[in-house]
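J.: Dropping in entry-v1.txt, with compact mmCIF, C-alpha atoms.
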# COMPACT_ATOMS: atom_id res chain seq x y z
CA MET A 1 23.76 8.73 82.75
CA PRO A 2 22.26 10.00 86.03
CA SER A 3 24.64 11.43 88.61
CA GLU A 4 23.06 9.32 91.36
CA LEU A 5 20.41 6.70 92.03
CA THR A 6 18.22 6.02 95.05
CA VAL A 7 17.64 2.35 95.87
CA ASN A 8 15.66 1.18 98.91
CA GLY A 9 15.93 4.59 100.53
CA ARG A 10 19.72 4.94 100.07
CA THR A 11 21.30 7.20 97.46
CA TYR A 12 24.36 6.09 95.48
CA ARG A 13 26.59 8.15 93.22
CA TRP A 14 27.36 6.96 89.70
CA MET A 15 30.68 5.17 89.21
CA ASP A 16 33.71 7.31 88.39
CA ARG A 17 35.62 4.11 87.56
CA PRO A 18 34.66 0.41 87.48
CA LEU A 19 33.49 -0.76 90.90
CA MET A 20 33.90 -4.35 92.01
CA VAL A 21 32.18 -5.49 95.21
CA VAL A 22 33.43 -8.84 96.46
CA CYS A 23 31.68 -11.02 99.05
CA VAL A 24 34.15 -13.61 100.35
CA ASP A 25 32.02 -16.33 101.87
CA GLY A 26 32.99 -17.20 105.45
CA CYS A 27 35.78 -14.64 105.69
CA GLN A 28 36.56 -13.28 109.13
CA HIS A 29 39.29 -10.67 109.49
CA GLU A 30 41.77 -13.18 110.95
CA TYR A 31 42.03 -14.99 107.61
CA LEU A 32 43.40 -11.81 106.04
CA THR A 33 45.81 -10.91 108.82
CA ALA A 34 47.14 -14.48 109.00
CA ALA A 35 47.79 -14.59 105.24
CA VAL A 36 49.50 -11.20 105.40
CA ALA A 37 51.63 -12.31 108.37
CA ALA A 38 52.65 -15.42 106.41
CA GLY A 39 53.89 -13.22 103.58
CA VAL A 40 51.57 -14.70 100.96
CA ALA A 41 49.11 -11.80 100.53
CA PRO A 42 50.99 -8.59 99.63
CA PHE A 43 47.94 -6.87 98.14
CA PHE A 44 45.94 -7.37 101.33
CA GLY A 45 49.02 -6.32 103.26
CA GLY A 46 49.07 -3.04 101.39
CA LEU A 47 45.39 -2.39 102.08
CA LEU A 48 45.75 -3.17 105.77
CA GLY A 49 48.96 -1.16 105.90
CA GLY A 50 47.47 2.11 104.68
CA ALA A 51 47.05 1.86 100.90
CA GLY A 52 43.34 1.37 101.53
CA ASP A 53 40.88 1.59 104.38
CA CYS A 54 39.70 -1.30 106.52
CA PHE A 55 36.71 -1.45 108.84
CA ILE A 56 35.18 -4.21 110.93
CA ALA A 57 31.51 -4.59 110.07
CA ASP A 58 28.54 -6.60 111.28
CA CYS A 59 26.82 -8.98 108.92
CA VAL A 60 23.08 -9.54 109.19
CA MET A 61 21.47 -12.32 111.16
CA PRO A 62 21.27 -15.16 110.68
CA SER A 63 24.89 -15.20 109.59
CA PHE A 64 24.25 -17.31 106.51
CA THR A 65 24.90 -16.89 102.79
CA ASN A 66 21.58 -15.90 101.23
CA PRO A 67 20.42 -13.20 103.67
CA ASN A 68 23.81 -11.52 103.66
CA ASN A 69 24.43 -11.56 99.93
CA LEU A 70 20.98 -10.09 99.39
CA SER A 71 21.58 -7.47 102.08
CA ILE A 72 24.82 -6.43 100.37
CA VAL A 73 23.22 -6.04 96.93
CA THR A 74 20.10 -4.27 98.25
CA GLY A 75 21.83 -2.13 100.89
CA VAL A 76 19.23 -3.03 103.52
CA PRO A 77 18.60 -5.78 106.14
CA PRO A 78 16.34 -8.83 105.73
CA SER A 79 13.40 -7.00 107.33
CA VAL A 80 13.27 -4.98 104.10
CA HIS A 81 14.36 -7.41 101.37
CA GLY A 82 12.71 -10.49 102.89
CA ILE A 83 15.45 -13.11 102.45
CA CYS A 84 16.12 -14.38 105.98
CA GLY A 85 17.87 -17.71 105.43
CA ASN A 86 18.99 -20.25 102.88
CA TYR A 87 15.91 -22.31 103.76
CA PHE A 88 12.62 -21.55 105.49
CA PHE A 89 9.07 -22.69 106.17
CA ASP A 90 6.78 -21.16 103.55
CA PRO A 91 3.35 -20.69 105.14
CA GLU A 92 1.76 -20.01 101.74
CA ARG A 93 2.75 -23.48 100.56
CA GLY A 94 2.77 -25.15 103.96
CA GLU A 95 6.17 -26.66 103.27
CA GLU A 96 9.88 -26.21 103.84
CA VAL A 97 11.59 -24.70 100.80
CA MET A 98 14.85 -23.26 99.59
CA MET A 99 14.90 -19.48 99.82
CA ASN A 100 16.35 -18.96 96.35
CA ASP A 101 13.23 -18.03 94.39
CA PRO A 102 13.12 -14.35 93.29
CA ARG A 103 9.41 -14.27 94.13
CA LEU A 104 10.48 -14.16 97.78
CA LEU A 105 12.52 -10.97 97.28
CA ARG A 106 10.73 -7.87 98.56
CA ALA A 107 13.16 -5.17 97.41
CA GLY A 108 15.00 -4.35 94.23
CA THR A 109 18.77 -4.65 94.01
CA ILE A 110 21.38 -1.97 93.46
CA LEU A 111 22.62 -4.09 90.56
CA ALA A 112 19.26 -4.02 88.77
CA ALA A 113 18.81 -0.28 89.38
CA PHE A 114 22.17 0.58 87.85
CA SER A 115 21.65 -1.74 84.90
CA ASP A 116 18.24 -0.17 84.25
CA ALA A 117 19.93 3.25 84.25
CA GLY A 118 22.40 2.15 81.58
CA ALA A 119 25.38 0.77 83.48
CA LYS A 120 27.18 -2.36 82.28
CA VAL A 121 26.69 -4.80 85.17
CA ALA A 122 28.12 -8.26 85.76
CA VAL A 123 27.54 -10.82 88.53
CA ILE A 124 29.60 -13.96 89.08
CA THR A 125 28.72 -16.27 91.94
CA ALA A 126 30.28 -19.58 92.94
CA LYS A 127 27.06 -21.52 93.60
CA ASP A 128 24.09 -21.35 91.32
CA LYS A 129 21.66 -21.12 94.26
CA LEU A 130 22.32 -17.36 94.44
CA ARG A 131 22.34 -16.52 90.75
CA LYS A 132 18.64 -15.89 90.20
CA LEU A 133 18.30 -13.81 93.36
CA LEU A 134 21.35 -11.67 92.62
CA GLY A 135 20.41 -11.25 88.98
CA HIS A 136 16.71 -10.56 89.58
CA ARG A 137 15.50 -7.98 87.02
CA MET A 138 19.10 -7.14 86.16
CA GLN A 139 20.27 -6.66 82.60
CA GLY A 140 23.81 -7.80 81.92
CA ILE A 141 26.05 -10.78 82.63
CA CYS A 142 25.09 -13.13 85.45
CA PHE A 143 26.39 -16.69 85.84
CA SER A 144 27.78 -19.14 88.38
CA SER A 145 31.00 -21.15 88.48
CA GLU A 146 28.95 -24.22 89.30
CA LYS A 147 27.04 -24.11 86.01
CA ALA A 148 29.42 -22.06 83.88
CA ASP A 149 29.28 -24.75 81.19
CA GLN A 150 25.55 -24.13 80.79
CA ALA A 151 25.67 -20.33 80.43
CA THR A 152 23.90 -18.89 77.40
CA LEU A 153 23.46 -15.41 75.97
CA ALA A 154 19.70 -15.61 76.50
CA GLU A 155 19.84 -16.75 80.14
CA ASN A 156 23.15 -15.38 81.40
CA GLY A 157 24.21 -12.64 79.02
CA ILE A 158 27.35 -14.58 78.09
CA GLU A 159 28.32 -17.86 76.43
CA ASN A 160 31.40 -20.06 76.01
CA VAL A 161 32.39 -19.23 79.58
CA LEU A 162 34.82 -22.12 80.09
CA ALA A 163 36.78 -21.16 77.00
CA ARG A 164 36.76 -17.48 77.92
CA VAL A 165 37.93 -18.15 81.46
CA GLY A 166 40.42 -20.85 80.48
CA MET A 167 39.57 -23.21 83.33
CA PRO A 168 37.68 -26.53 83.43
CA LEU A 169 34.35 -26.66 85.22
CA PRO A 170 35.25 -26.85 88.94
CA SER A 171 33.80 -29.20 91.53
CA VAL A 172 31.24 -27.55 93.80
CA TYR A 173 33.26 -28.90 96.75
CA SER A 174 36.58 -27.28 95.94
CA ALA A 175 38.63 -24.11 96.27
CA ALA A 176 38.58 -23.97 92.47
CA LEU A 177 34.89 -23.03 92.55
CA SER A 178 35.86 -19.68 94.09
CA GLU A 179 39.04 -19.33 92.02
CA PHE A 180 36.89 -19.58 88.90
CA VAL A 181 34.93 -16.55 90.14
CA PHE A 182 38.08 -14.44 90.43
CA VAL A 183 39.62 -15.57 87.15
CA ALA A 184 36.34 -14.85 85.37
CA GLY A 185 36.17 -11.45 87.04
CA VAL A 186 39.64 -10.56 85.78
CA LYS A 187 38.79 -11.73 82.25
CA LEU A 188 35.61 -9.65 82.20
CA MET A 189 37.43 -6.59 83.49
CA GLU A 190 40.08 -6.99 80.80
CA ARG A 191 37.63 -7.48 77.93
CA GLU A 192 34.13 -6.19 78.72
CA ARG A 193 35.13 -3.76 81.48
CA PRO A 194 31.78 -3.61 83.33
CA ASP A 195 30.91 -0.43 85.21
CA LEU A 196 29.73 -2.48 88.17
CA MET A 197 30.63 -6.06 89.10
CA TYR A 198 29.64 -8.28 92.01
CA LEU A 199 31.60 -11.40 92.89
CA SER A 200 30.47 -13.97 95.46
CA THR A 201 32.56 -16.98 96.51
CA THR A 202 31.92 -20.18 98.47
CA ASP A 203 33.09 -20.98 102.01
CA TYR A 204 34.26 -24.53 101.29
CA ILE A 205 37.80 -23.73 102.45
CA GLN A 206 36.72 -21.78 105.54
CA HIS A 207 34.52 -24.68 106.67
CA LYS A 208 37.60 -26.92 106.58
CA ALA A 209 40.57 -24.70 107.44
CA ALA A 210 41.16 -22.21 110.25
CA PRO A 211 42.96 -18.89 109.72
CA GLY A 212 46.71 -19.33 109.31
CA THR A 213 46.59 -22.93 108.15
CA ALA A 214 48.32 -23.85 104.90
CA ALA A 215 45.03 -24.45 103.06
CA ALA A 216 43.59 -21.12 104.18
CA ASN A 217 46.75 -19.18 103.36
CA ASP A 218 46.90 -20.77 99.90
CA PHE A 219 43.30 -19.76 99.27
CA TYR A 220 43.87 -16.15 100.29
CA ALA A 221 47.12 -16.01 98.31
CA MET A 222 45.12 -17.00 95.22
CA MET A 223 42.57 -14.31 95.94
CA ASP A 224 45.31 -11.77 96.60
CA ARG A 225 46.86 -12.31 93.15
CA HIS A 226 43.61 -11.78 91.30
CA LEU A 227 42.58 -8.74 93.34
CA ALA A 228 46.00 -7.20 92.68
CA ARG A 229 45.40 -7.68 88.95
CA LEU A 230 41.96 -6.06 89.20
CA ASP A 231 43.48 -3.17 91.11
CA ALA A 232 46.10 -2.76 88.37
CA LEU A 233 43.27 -2.65 85.81
CA GLY A 234 41.90 0.41 87.57
CA ALA A 235 38.96 -1.12 89.43
CA ARG A 236 37.81 0.27 92.72
CA ILE A 237 37.48 -2.79 94.94
CA VAL A 238 35.32 -3.19 98.04
CA LEU A 239 35.64 -6.51 99.84
CA THR A 240 33.47 -7.84 102.62
CA ALA A 241 31.98 -11.16 103.77
CA ASP A 242 28.60 -12.71 104.37
CA HIS A 243 29.68 -14.16 107.73
CA GLY A 244 32.62 -15.41 109.73
CA MET A 245 33.40 -18.99 110.73
CA ASN A 246 34.23 -20.76 113.98
CA ALA A 247 35.17 -24.20 115.26
CA LYS A 248 32.08 -26.04 116.52
CA HIS A 249 33.62 -29.12 118.08
CA GLY A 250 35.10 -30.40 121.29
CA ALA A 251 38.65 -31.45 122.12
CA ASP A 252 37.89 -34.90 120.71
CA GLY A 253 37.06 -33.40 117.31
CA ARG A 254 33.40 -34.37 117.49
CA PRO A 255 30.76 -31.70 116.72
CA ASN A 256 29.09 -29.99 119.67
CA VAL A 257 25.48 -30.50 118.56
CA ILE A 258 22.17 -29.80 120.23
CA TYR A 259 19.52 -31.90 118.48
CA LEU A 260 16.74 -29.49 119.22
CA GLU A 261 13.73 -31.26 117.76
CA ASP A 262 14.66 -34.44 119.63
CA ALA A 263 14.78 -32.42 122.87
CA ILE A 264 11.44 -30.69 122.25
CA ASP A 265 9.77 -33.99 121.34
CA ALA A 266 10.89 -35.37 124.69
CA TRP A 267 9.40 -32.38 126.51
CA ILE A 268 6.00 -31.95 124.82
CA GLY A 269 5.53 -34.99 122.59
CA LYS A 270 6.31 -35.83 118.99
CA GLU A 271 5.00 -33.82 116.03
CA ARG A 272 4.01 -30.87 118.18
CA ALA A 273 6.95 -28.75 117.03
CA ARG A 274 8.91 -28.20 113.84
CA VAL A 275 12.54 -27.06 113.88
CA ILE A 276 13.86 -25.31 110.77
CA LEU A 277 17.58 -24.86 110.14
CA PRO A 278 18.10 -21.90 107.79
CA ILE A 279 21.65 -23.05 106.97
CA THR A 280 20.17 -25.90 104.91
CA ASP A 281 20.91 -25.83 101.19
CA PRO A 282 21.84 -28.40 98.52
CA TYR A 283 25.50 -28.32 99.59
CA VAL A 284 25.68 -29.83 103.07
CA VAL A 285 28.66 -32.21 102.84
CA HIS A 286 31.06 -29.76 104.51
CA HIS A 287 28.75 -28.75 107.38
CA GLY A 288 26.12 -31.46 107.67
CA ALA A 289 23.34 -28.79 107.76
CA LEU A 290 24.55 -27.81 111.24
CA GLY A 291 24.69 -24.12 112.13
CA SER A 292 24.23 -21.86 115.13
CA PHE A 293 20.73 -20.59 114.34
CA ALA A 294 17.35 -22.32 114.35
CA LEU A 295 13.64 -21.53 114.09
CA VAL A 296 11.02 -23.34 116.17
CA TYR A 297 7.39 -23.55 115.08
CA LEU A 298 4.94 -24.70 117.76
CA GLY A 299 1.47 -25.96 117.07
CA ASP A 300 0.45 -25.16 120.67
CA ALA A 301 0.99 -21.51 121.59
CA ASN A 302 0.56 -22.41 125.25
CA ALA A 303 3.75 -24.47 125.11
CA GLN A 304 5.90 -21.54 124.02
CA ARG A 305 7.01 -20.38 127.47
CA LEU A 306 7.84 -23.91 128.65
CA VAL A 307 9.80 -24.73 125.49
CA ALA A 308 11.65 -21.41 125.55
CA GLU A 309 12.67 -21.88 129.18
CA ARG A 310 13.91 -25.40 128.59
CA ILE A 311 15.85 -24.49 125.47
CA SER A 312 17.47 -21.60 127.34
CA ALA A 313 18.68 -24.03 130.00
CA LEU A 314 20.47 -26.29 127.51
CA PRO A 315 24.29 -26.07 127.61
CA GLY A 316 25.57 -24.22 124.55
CA ILE A 317 22.51 -22.01 123.99
CA GLU A 318 23.17 -18.26 123.80
CA SER A 319 19.63 -16.88 123.42
CA VAL A 320 16.01 -17.80 122.79
CA LEU A 321 13.81 -15.04 121.40
CA THR A 322 10.15 -14.79 120.54
CA ARG A 323 9.16 -13.97 116.98
CA ALA A 324 8.59 -10.30 117.86
CA GLU A 325 11.85 -10.00 119.78
CA ALA A 326 13.90 -11.57 116.99
CA ALA A 327 12.29 -9.43 114.30
CA VAL A 328 13.44 -6.30 116.12
CA ARG A 329 16.85 -7.42 117.39
CA PHE A 330 17.95 -9.18 114.21
CA GLU A 331 16.08 -7.02 111.64
CA MET A 332 14.21 -10.00 110.22
CA PRO A 333 10.77 -10.23 108.55
CA SER A 334 8.41 -11.40 111.29
CA ASP A 335 6.22 -13.40 108.91
CA ARG A 336 9.12 -15.59 107.78
CA ILE A 337 10.50 -16.75 111.11
CA GLY A 338 9.36 -19.21 113.75
CA ASP A 339 7.51 -18.74 117.02
CA LEU A 340 10.92 -18.98 118.66
CA VAL A 341 14.37 -18.07 117.32
CA VAL A 342 17.28 -19.93 118.88
CA VAL A 343 20.97 -18.95 118.71
CA SER A 344 23.75 -21.15 120.03
CA ARG A 345 27.11 -20.13 121.41
CA LEU A 346 30.39 -19.81 119.53
CA ASP A 347 31.42 -23.48 119.83
CA THR A 348 27.98 -25.10 119.43
CA VAL A 349 25.65 -25.93 116.54
CA ILE A 350 21.98 -26.85 116.38
CA GLY A 351 20.45 -29.82 114.59
CA THR A 352 16.91 -31.10 114.23
CA ALA A 353 16.81 -34.85 114.96
CA ARG A 354 19.95 -36.93 115.25
CA ASN A 355 18.79 -39.38 112.57
CA ARG A 356 18.29 -36.58 109.99
CA HIS A 357 21.89 -35.38 109.84
CA ASP A 358 24.43 -37.25 107.76
CA LEU A 359 27.83 -36.30 109.15
CA SER A 360 29.77 -38.87 107.14
CA GLY A 361 31.09 -36.13 104.87
CA LEU A 362 32.84 -34.30 107.72
CA ASP A 363 36.41 -35.35 107.06
CA VAL A 364 37.77 -32.63 109.38
CA PRO A 365 36.39 -31.27 112.70
CA LEU A 366 33.30 -29.14 112.13
CA ARG A 367 33.58 -25.42 111.47
CA SER A 368 30.33 -23.56 110.88
CA HIS A 369 28.38 -20.32 111.36
CA GLY A 370 24.95 -18.77 111.77
CA GLY A 371 25.13 -17.12 115.19
CA THR A 372 26.10 -13.73 116.54
CA SER A 373 29.60 -15.13 117.09
CA GLU A 374 30.08 -15.06 113.30
CA GLN A 375 28.78 -11.51 112.78
CA LYS A 376 32.11 -9.65 112.63
CA VAL A 377 33.47 -9.42 109.09
CA PRO A 378 36.00 -7.26 107.26
CA LEU A 379 34.99 -4.32 105.06
CA LEU A 380 37.94 -3.17 102.92
CA ILE A 381 38.42 -0.72 100.07
CA ASN A 382 41.48 -0.18 97.88
CA CYS A 383 41.64 3.57 98.47
CA ARG A 384 41.58 5.89 101.45
CA VAL A 385 38.22 7.38 102.37
CA GLY A 386 39.40 9.49 105.29
CA PRO A 387 38.25 9.65 108.91
CA GLN A 388 34.82 8.20 109.60
CA PRO A 389 32.60 8.73 112.66
CA ALA A 390 33.74 6.52 115.51
CA SER A 391 30.10 5.96 116.41
CA ARG A 392 29.17 4.47 113.02
CA ARG A 393 28.14 0.84 113.13
CA TRP A 394 29.51 -0.54 109.90
CA ARG A 395 27.47 -3.24 108.17
CA ASN A 396 28.54 -5.49 105.34
CA PHE A 397 25.64 -4.03 103.36
CA ASP A 398 27.40 -0.64 103.46
CA ALA A 399 29.71 -1.99 100.74
CA PHE A 400 28.13 -0.04 97.87
CA ASP A 401 27.90 3.11 99.99
CA LEU A 402 31.60 2.78 100.70
CA GLY A 403 32.56 2.18 97.08
CA LEU A 404 30.24 4.68 95.40
CA ASN A 405 29.75 7.46 97.94
CA LEU A 406 32.59 7.62 100.45
CA ALA A 407 35.31 6.79 97.91
CA ALA A 408 33.94 9.45 95.52
CA ARG A 409 33.98 12.09 98.24
CA ALA A 410 37.54 11.16 99.20
CA ALA A 411 38.66 11.45 95.57
Could you quickly redo this structure as structure tokens?
T.:
Amino acid sequence: MPSELTVNGRTYRWMDRPLMVVCVDGCQHEYLTAAVAAGVAPFFGGLLGGAGDCFIADCVMPSFTNPNNLSIVTGVPPSVHGICGNYFFDPERGEEVMMNDPRLLRAGTILAAFSDAGAKVAVITAKDKLRKLLGHRMQGICFSSEKADQATLAENGIENVLARVGMPLPSVYSAALSEFVFVAGVKLMERERPDLMYLSTTDYIQHKAAPGTAAANDFYAMMDRHLARLDALGARIVLTADHGMNAKHGADGRPNVIYLEDAIDAWIGKERARVILPITDPYVVHHGALGSFALVYLGDANAQRLVAERISALPGIESVLTRAEAAVRFEMPSDRIGDLVVVSRLDTVIGTARNRHDLSGLDVPLRSHGGTSEQKVPLLINCRVGPQPASRRWRNFDAFDLGLNLAARAA
């Protein structure tokens, strides 16, 4: 085995013990501290109390699932790997498409590089939308909770998953979808003992429950038990998140929504602009496809200044950037974003047209993400790595650097 590998310009040492990198979807630091304070998360309490190291990191923008998971497994921002949303306008096809096709990935993953070099690698993700991206050109085990019943040796590197895990197939809208990920991770560590494992959960609970609530504490207690077991099995664990989560509603419980395409139509006329919401994916019941980040495509370049000024004046808008400005500030690929990039404030979300959003599935006040207000996420490791430069800006995509390089030096 090589002593180190270089992937996308970053060098990583070979594992000295099994490494598990966990991306907890929608996890801001307050979920962990609240569960610890409630006495239901002793493993996290130990890490926060000095048994490990904990940093606060920035996720990439937009603060959505796909761009951040791909940043974590490539070690670089979307400007390099190309995945800048869950959903985007594909100029090659002239249509709006899901950003889950590996053909859109512009960089190799750390997972694929280590598997090519001979490491035993496993990936378990809650939703199947991420599986092909995370497992692109990777040899090993790669499956989702959502479609665990369909896993085959040929496609996923494993079969009979439900029997091996000992759980029924979970609903995609449930905490059990994420619990399946952790139980499966424990089973694999006990039996196959991969050298490198990546786990990715769903934010169903975080969309519904604030930090410190009973539902949130129960979820983190579940996670705590399984991580403690993995720790006992000798795994080095690095945990981070793809984004945080915030309340996006008023005192009356109704969502604070700016229907941006409706507004632009009123200013410059219908069908002269297209608003894309990169939060969009097949699973919109818990957020109604409403997030704090939007792309605006304008057929008339001369209208850009007028539209930008008027959007900026809307209550709840944090910033409006041109394509060039957003590509630099948010480290995004300039050819995959709109003429304008719009970010709303902490308590506000952006929609397209009012009649395109079905909010009937929102059975609790809206919590969502996508903006800079959801960028702060935890970055934890179950060992001490020693003093780090105070000037370092930690990113969630430093997870493999932390687990493979800094932990090895500390040891």
J.: Just give me the gap between CA of Leu188 (chain A) and CA of Ile124 (chain A) in Å, one decimal is fine.
T.: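 Here the two named atoms are 10.1 Å from each other.
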J.: Can you report as JSON the centre and edge lengths in Å, to one decimal, of an axis-aligned box around the listed atoms of region 82-99 of chain A padded with 8 Å on each side?
T.:
{"center_x": 10.4, "center_y": -18.6, "center_z": 102.9, "size_x": 33.2, "size_y": 32.2, "size_z": 22.6}
J.: Using all atoms listed in the file, which residues of region 196-241 of chain A come within 10 Å of region 144-153 of chain A, and what is the closest atom pair for each, with the distance in Å to one decimal? Give it as a tab-separated table, sorted by chain and residue number.
T.:
residue	atom	partner	partner_atom	distance
A:Leu199	CA	A:Ser144	CA	9.7
A:Ser200	CA	A:Ser144	CA	9.2
A:Thr201	CA	A:Ser145	CA	9.2
J.: Would you please work out which residue, of A:Leu196, A:Val186, A:Ser178, A:Leu366, is nearest to Ala251 (chain A) when using all atoms listed in the file?
T.: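 Among the listed residues, A:Leu366 lies closest to Ala251 (chain A).
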J.: Counting all atoms listed in the file, give me one row per residue of region 52-166 of chain A with an atom at most 12 Å from an atom of region 392-408 of chain A, showing the shortest contact pair and its distance in Å to one decimal, sorted by chain then residue number, as JSON lines.
T.:
{"residue": "A:Gly52", "atom": "CA", "partner": "A:Ala407", "partner_atom": "CA", "distance": 10.3}
{"residue": "A:Asp53", "atom": "CA", "partner": "A:Ala407", "partner_atom": "CA", "distance": 10.0}
{"residue": "A:Cys54", "atom": "CA", "partner": "A:Trp394", "partner_atom": "CA", "distance": 10.8}
{"residue": "A:Phe55", "atom": "CA", "partner": "A:Trp394", "partner_atom": "CA", "distance": 7.3}
{"residue": "A:Ile56", "atom": "CA", "partner": "A:Trp394", "partner_atom": "CA", "distance": 6.8}
{"residue": "A:Ala57", "atom": "CA", "partner": "A:Trp394", "partner_atom": "CA", "distance": 4.5}
{"residue": "A:Asp58", "atom": "CA", "partner": "A:Arg395", "partner_atom": "CA", "distance": 4.7}
{"residue": "A:Cys59", "atom": "CA", "partner": "A:Asn396", "partner_atom": "CA", "distance": 5.3}
{"residue": "A:Val60", "atom": "CA", "partner": "A:Arg395", "partner_atom": "CA", "distance": 7.7}
{"residue": "A:Met61", "atom": "CA", "partner": "A:Arg395", "partner_atom": "CA", "distance": 11.3}
{"residue": "A:Ser63", "atom": "CA", "partner": "A:Asn396", "partner_atom": "CA", "distance": 11.2}
{"residue": "A:Pro67", "atom": "CA", "partner": "A:Phe397", "partner_atom": "CA", "distance": 10.6}
{"residue": "A:Asn68", "atom": "CA", "partner": "A:Phe397", "partner_atom": "CA", "distance": 7.7}
{"residue": "A:Asn69", "atom": "CA", "partner": "A:Phe397", "partner_atom": "CA", "distance": 8.4}
{"residue": "A:Leu70", "atom": "CA", "partner": "A:Phe397", "partner_atom": "CA", "distance": 8.6}
{"residue": "A:Ser71", "atom": "CA", "partner": "A:Phe397", "partner_atom": "CA", "distance": 5.5}
{"residue": "A:Ile72", "atom": "CA", "partner": "A:Phe397", "partner_atom": "CA", "distance": 3.9}
{"residue": "A:Val73", "atom": "CA", "partner": "A:Phe397", "partner_atom": "CA", "distance": 7.2}
{"residue": "A:Thr74", "atom": "CA", "partner": "A:Phe397", "partner_atom": "CA", "distance": 7.5}
{"residue": "A:Gly75", "atom": "CA", "partner": "A:Phe397", "partner_atom": "CA", "distance": 4.9}
{"residue": "A:Val76", "atom": "CA", "partner": "A:Phe397", "partner_atom": "CA", "distance": 6.5}
{"residue": "A:Pro77", "atom": "CA", "partner": "A:Phe397", "partner_atom": "CA", "distance": 7.8}
{"residue": "A:Pro78", "atom": "CA", "partner": "A:Phe397", "partner_atom": "CA", "distance": 10.7}
{"residue": "A:His81", "atom": "CA", "partner": "A:Phe397", "partner_atom": "CA", "distance": 11.9}
{"residue": "A:Thr109", "atom": "CA", "partner": "A:Phe400", "partner_atom": "CA", "distance": 11.1}
{"residue": "A:Ile110", "atom": "CA", "partner": "A:Phe400", "partner_atom": "CA", "distance": 8.3}
{"residue": "A:Leu111", "atom": "CA", "partner": "A:Phe400", "partner_atom": "CA", "distance": 10.0}
{"residue": "A:Phe114", "atom": "CA", "partner": "A:Phe400", "partner_atom": "CA", "distance": 11.7}
